[in-house]
Every structure is written in structure tokens, then in C-alpha cells.
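Asks: Let me give you the structure first, and then I'll get to my questions.
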Amino acid sequence: LNNNSATAAGITLSTTSVNNTGTITNSGSGAGDTLISAVIGTSVTKVTQNSSTSPLTLSATNTFTGGLDLTSGTLVATLAGSFGPAGNTLYFKGGNLELRSAATTFTGKLDTTNAGGTIYINPASSGNGVTHTISGATTLGSNTIVISAGTLTTNNTAYGLTLSGAATLSGNPTFTINGNGSATGTLTISGGFDTGGATRTLTFNSGTGTSAASISGAFAGSAGILDLAGTTPTVTVGALTTTANAVRVSGTGTYTFSGASTFTGGVILNNAS
């Protein structure tokens, strides 16, 4: 799909289904977006967003199983099944993601091994902030993901993102969380962590405005250390269930341990309040 149009929805695919054998790639230098509201079927092996100027909007409950590559520009998801079935993975490779819907749980997995990017949180149309959930497992590399309210979100209204699947830390990821005017932007990671027995640093930084973060879930692996760092002022540590792992607190904010955790490696305080 070579979109060189400046017209909104310059390319629109709205037939019963799009089910070509092979891949679908959005490219081109036009400013208009590419909208696929037809179901992307099982013969499609991958969807790639590769235009820095033309957003690709997926607005159907898709059934392709090859995953998505986000290499440039913006990919917009408007329905729970936009990424396809739950086993599909969205690979960050240089672009940004916009979740645009009423509060929704999006199926699919995330992988930030190759690159970071920005995740914009929007309601379906102009209105107050919402909290979206991505339910699949996440693989978090040593890259930065920015969490921000999108342009459809009314200023001074709170918004959030929840990652509810298990998170594997293949590196030392950083999340920069922006507030929304006077309101708070919140990131929740509730599916637990796997450090692979290594020491991994999970950084929550404040961008503009007020931010907050929360973590909980099963702490997989053994004899690993989850190092919590960064400038986010309020971080809540819920129940982290495991045995031999440890948590080290290195950030400058206030860390509240509020859950019935079972890790036995202890809490290591390192320049934290």
C-alpha cells in the first residue's frame, strides 16, 4: 500500500476481508492515513507499518497470525482484536503506537527488543482520558517506551495503560510516563516479571506533568534481582509472588509495598526515599 495521498483515509480497504497470501505493508510519503476496516484474514503472514508520514489504522477484529512490524510512523488500533489473535506479537522497530477507543483490552503481545517508541492513549473521539490494557506477554529490551495522552484526550483528565501479561526483561527497559496537564498518567504492569535469574533494572521516569506506576504479579525465575529505578514520584509494588528473587529500590520516588509478596531475597534500598 503505497500511500502518497494527503487526503484523510487516502487509502481505505473496507471489503468483506483482505486475505492475500503474503504480507501487507503501508509505505509512501503522503500525509493521509491508510485505513483497513476490513478483516485481515489468515492468509496474510505479517502486517508492517513503514511510512513515517501516513498512519496505518486497523479497525477490525483481525485473524492473521504473522504478527506486526512497527518500523516507522504510527500504527493505530481501534478494536480489541486489531492486532489479531492473542498469539500475535507487535514488534517495535522504530515507530509509535496509538490505542484509540473507549477503555479497551487489546489482545496481542509486545516486543521492544529492537527499539522503543511512544504509546499514545486516546478515547474513540475527543473526550476524557481512558485506561487501555494490552493483555499479551511483553518482552522488554534495553529501550525506552514513552507513555503519553494522545491529542483526542481532554487536557487535565487522567489516563493510563495497563500491561497485564507476563513481562520478560531481556534487557533494562525504561518507561517515561507523561502526565496530562494537571492530571496523572499511570502505567500499571500487573502480569509479573521474569529476569531470567539476572539483575535487571526497570526504570520509571517522569516526563511532563505528574506520573505514577504500579507493578505486581508472579516474579518468575530464581536468584534474580529486579532493580526499580527512575524519577517517577509514586511507585506502588503490589504482591510479587516468588521464592529466591530480590527487589532493589534505586529510584528517587516513594515506593509503597502494598501486597502480600513471597519473594525471599529481600528488599535492597539504594538511594531511595
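The chains in the C-alpha cells are called A, B, ... from first to last as shown; in each chain the residues are counted from 1, and the ligands are counted from 1 in the order shown.
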If we count only C-alpha atoms, what is near Ser250 of chain A at a cut-off of 10 Å, once residues fewer than 5 positions away on the same chain are taken out, given as a PyMOL selection string?
Replies: chain A and resi 201-203+227-231+255+268-273
Asks: May I have the selected residues written with C-alpha atoms, as an mmCIF file, in the first residue's frame?
Replies:
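As a result, result-v4.cif now contains:
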data_model
loop_
_atom_site.group_PDB
_atom_site.id
_atom_site.type_symbol
_atom_site.label_atom_id
_atom_site.label_comp_id
_atom_site.auth_asym_id
_atom_site.auth_seq_id
_atom_site.Cartn_x
_atom_site.Cartn_y
_atom_site.Cartn_z
ATOM 1 C CA THR A 201 16.827 -2.587 36.014
ATOM 2 C CA LEU A 202 13.261 -1.428 35.384
ATOM 3 C CA THR A 203 13.180 2.363 35.188
ATOM 4 C CA ASP A 227 16.088 -3.120 40.363
ATOM 5 C CA LEU A 228 13.451 -0.370 40.415
ATOM 6 C CA ALA A 229 14.918 2.955 39.308
ATOM 7 C CA GLY A 230 13.865 6.331 37.934
ATOM 8 C CA THR A 231 12.221 9.642 38.813
ATOM 9 C CA TYR A 255 7.893 3.208 46.769
ATOM 10 C CA ILE A 268 17.582 -3.734 48.966
ATOM 11 C CA LEU A 269 17.429 0.029 49.470
ATOM 12 C CA ASN A 270 19.780 2.031 47.258
ATOM 13 C CA ASN A 271 19.381 5.837 47.332
ATOM 14 C CA ALA A 272 15.582 5.654 47.586
ATOM 15 C CA SER A 273 13.168 7.560 49.784
#
Asks: Any chance you could tabulate, as JSON lines, the residues of segment 13-113 of chain A at most 8 Å from segment 125-133 of chain A with each one's nearest atom pair and distance in Å to one decimal, using only C-alpha atoms, in chain and rising number order?
Replies:
{"residue": "A:Leu99", "atom": "CA", "partner": "A:His132", "partner_atom": "CA", "distance": 7.4}
{"residue": "A:Arg100", "atom": "CA", "partner": "A:Ser125", "partner_atom": "CA", "distance": 7.8}
{"residue": "A:Ser101", "atom": "CA", "partner": "A:Ser125", "partner_atom": "CA", "distance": 7.5}
{"residue": "A:Ala102", "atom": "CA", "partner": "A:Val130", "partner_atom": "CA", "distance": 6.9}
{"residue": "A:Ala103", "atom": "CA", "partner": "A:His132", "partner_atom": "CA", "distance": 5.2}
{"residue": "A:Thr104", "atom": "CA", "partner": "A:His132", "partner_atom": "CA", "distance": 5.2}
{"residue": "A:Thr105", "atom": "CA", "partner": "A:Thr133", "partner_atom": "CA", "distance": 4.5}
{"residue": "A:Phe106", "atom": "CA", "partner": "A:Thr133", "partner_atom": "CA", "distance": 6.0}
Asks: Please produce a file of the residues just selected, as a PDB file, in the first residue's frame, where the atoms kept are all heavy atoms.
Replies:
ATOM      1  N   LEU A  99      -3.412   3.761  20.710  1.00  0.00           N
ATOM      2  CA  LEU A  99      -4.604   2.997  21.075  1.00  0.00           C
ATOM      3  C   LEU A  99      -5.755   3.987  21.142  1.00  0.00           C
ATOM      4  O   LEU A  99      -5.770   4.878  21.991  1.00  0.00           O
ATOM      5  CB  LEU A  99      -4.399   2.287  22.412  1.00  0.00           C
ATOM      6  CG  LEU A  99      -3.184   1.339  22.484  1.00  0.00           C
ATOM      7  CD1 LEU A  99      -3.067   0.744  23.880  1.00  0.00           C
ATOM      8  CD2 LEU A  99      -3.281   0.244  21.428  1.00  0.00           C
ATOM      9  N   ARG A 100      -6.739   3.825  20.237  1.00  0.00           N
ATOM     10  CA  ARG A 100      -7.807   4.819  20.096  1.00  0.00           C
ATOM     11  C   ARG A 100      -9.160   4.120  20.212  1.00  0.00           C
ATOM     12  O   ARG A 100      -9.649   3.502  19.268  1.00  0.00           O
ATOM     13  CB  ARG A 100      -7.701   5.532  18.744  1.00  0.00           C
ATOM     14  CG  ARG A 100      -8.722   6.668  18.550  1.00  0.00           C
ATOM     15  CD  ARG A 100      -8.778   7.098  17.098  1.00  0.00           C
ATOM     16  NE  ARG A 100      -7.502   7.582  16.615  1.00  0.00           N
ATOM     17  CZ  ARG A 100      -7.241   7.804  15.322  1.00  0.00           C
ATOM     18  NH1 ARG A 100      -8.162   7.549  14.406  1.00  0.00           N
ATOM     19  NH2 ARG A 100      -6.046   8.242  14.957  1.00  0.00           N
ATOM     20  N   SER A 101      -9.759   4.212  21.387  1.00  0.00           N
ATOM     21  CA  SER A 101     -11.015   3.508  21.631  1.00  0.00           C
ATOM     22  C   SER A 101     -11.550   3.922  22.993  1.00  0.00           C
ATOM     23  O   SER A 101     -10.831   4.534  23.791  1.00  0.00           O
ATOM     24  CB  SER A 101     -10.766   1.983  21.606  1.00  0.00           C
ATOM     25  OG  SER A 101     -11.942   1.268  21.850  1.00  0.00           O
ATOM     26  N   ALA A 102     -12.817   3.592  23.249  1.00  0.00           N
ATOM     27  CA  ALA A 102     -13.253   3.587  24.643  1.00  0.00           C
ATOM     28  C   ALA A 102     -12.388   2.575  25.387  1.00  0.00           C
ATOM     29  O   ALA A 102     -11.746   1.731  24.769  1.00  0.00           O
ATOM     30  CB  ALA A 102     -14.722   3.212  24.726  1.00  0.00           C
ATOM     31  N   ALA A 103     -12.345   2.671  26.713  1.00  0.00           N
ATOM     32  CA  ALA A 103     -11.459   1.808  27.503  1.00  0.00           C
ATOM     33  C   ALA A 103     -11.565   0.361  27.026  1.00  0.00           C
ATOM     34  O   ALA A 103     -12.636  -0.239  27.047  1.00  0.00           O
ATOM     35  CB  ALA A 103     -11.808   1.907  28.975  1.00  0.00           C
ATOM     36  N   THR A 104     -10.444  -0.208  26.555  1.00  0.00           N
ATOM     37  CA  THR A 104     -10.451  -1.482  25.850  1.00  0.00           C
ATOM     38  C   THR A 104      -9.271  -2.334  26.285  1.00  0.00           C
ATOM     39  O   THR A 104      -8.190  -1.820  26.582  1.00  0.00           O
ATOM     40  CB  THR A 104     -10.363  -1.238  24.325  1.00  0.00           C
ATOM     41  OG1 THR A 104     -11.553  -0.550  23.903  1.00  0.00           O
ATOM     42  CG2 THR A 104     -10.240  -2.532  23.539  1.00  0.00           C
ATOM     43  N   THR A 105      -9.476  -3.654  26.300  1.00  0.00           N
ATOM     44  CA  THR A 105      -8.378  -4.608  26.468  1.00  0.00           C
ATOM     45  C   THR A 105      -8.003  -5.133  25.088  1.00  0.00           C
ATOM     46  O   THR A 105      -8.776  -5.846  24.447  1.00  0.00           O
ATOM     47  CB  THR A 105      -8.784  -5.770  27.383  1.00  0.00           C
ATOM     48  OG1 THR A 105      -9.063  -5.264  28.698  1.00  0.00           O
ATOM     49  CG2 THR A 105      -7.657  -6.797  27.487  1.00  0.00           C
ATOM     50  N   PHE A 106      -6.822  -4.756  24.636  1.00  0.00           N
ATOM     51  CA  PHE A 106      -6.324  -5.180  23.334  1.00  0.00           C
ATOM     52  C   PHE A 106      -5.579  -6.502  23.490  1.00  0.00           C
ATOM     53  O   PHE A 106      -4.725  -6.646  24.377  1.00  0.00           O
ATOM     54  CB  PHE A 106      -5.380  -4.122  22.755  1.00  0.00           C
ATOM     55  CG  PHE A 106      -6.058  -2.829  22.396  1.00  0.00           C
ATOM     56  CD1 PHE A 106      -6.249  -1.840  23.345  1.00  0.00           C
ATOM     57  CD2 PHE A 106      -6.513  -2.611  21.109  1.00  0.00           C
ATOM     58  CE1 PHE A 106      -6.887  -0.649  23.024  1.00  0.00           C
ATOM     59  CE2 PHE A 106      -7.151  -1.418  20.765  1.00  0.00           C
ATOM     60  CZ  PHE A 106      -7.338  -0.433  21.733  1.00  0.00           C
TER      61      PHE A 106
END
Asks: DSSP on the backbone: which residues in segment 24-266 of chain A end up as strand (DSSP E or B)? Give the answer as an NGL selection string.
Replies: :A and (24-27 or 34-36 or 39-40 or 44-50 or 56-58 or 68-72 or 74-77 or 89-92 or 96-100 or 105-106 or 109-111 or 117-122 or 127 or 131-134 or 138-140 or 144-149 or 153 or 159-163 or 167-169 or 174-177 or 180 or 183-189 or 193-194 or 199-206 or 210-220 or 225-229 or 234-241 or 246-249 or 254-257)
Asks: Report, in Å to a single decimal, how far apart atom CA of Ala246 of chain A and atom CA of Ala198 of chain A are.
Replies: 10.6 Å
Asks: So that I can check the surroundings of Thr25 of chain A, please list as a ChimeraX atom specification every protein, DNA and RNA residue that reaches within 8 Å of it, counting only C-alpha atoms and ignoring chain neighbours fewer than 5 positions away.
Replies: /A:1,47-50
Asks: Excluding segment 139-147 of chain A and residues on its chain fewer than 6 positions from it, collect all residues at most 10 Å away from it, counting only C-alpha atoms, and give them as a ChimeraX atom specification.
Replies: /A:89,91-92,96-97,109-121,159-161,165-179,185-187,193-194,200-207,211
Asks: List the spatial neighbours of Gly30 of chain A as an MDAnalysis selection string - criterion: any atom at most 8 Å away, only C-alpha atoms, same-chain residues fewer than 2 positions off excluded.
Replies: chainID A and resid 3:6 28 32:33 53:54
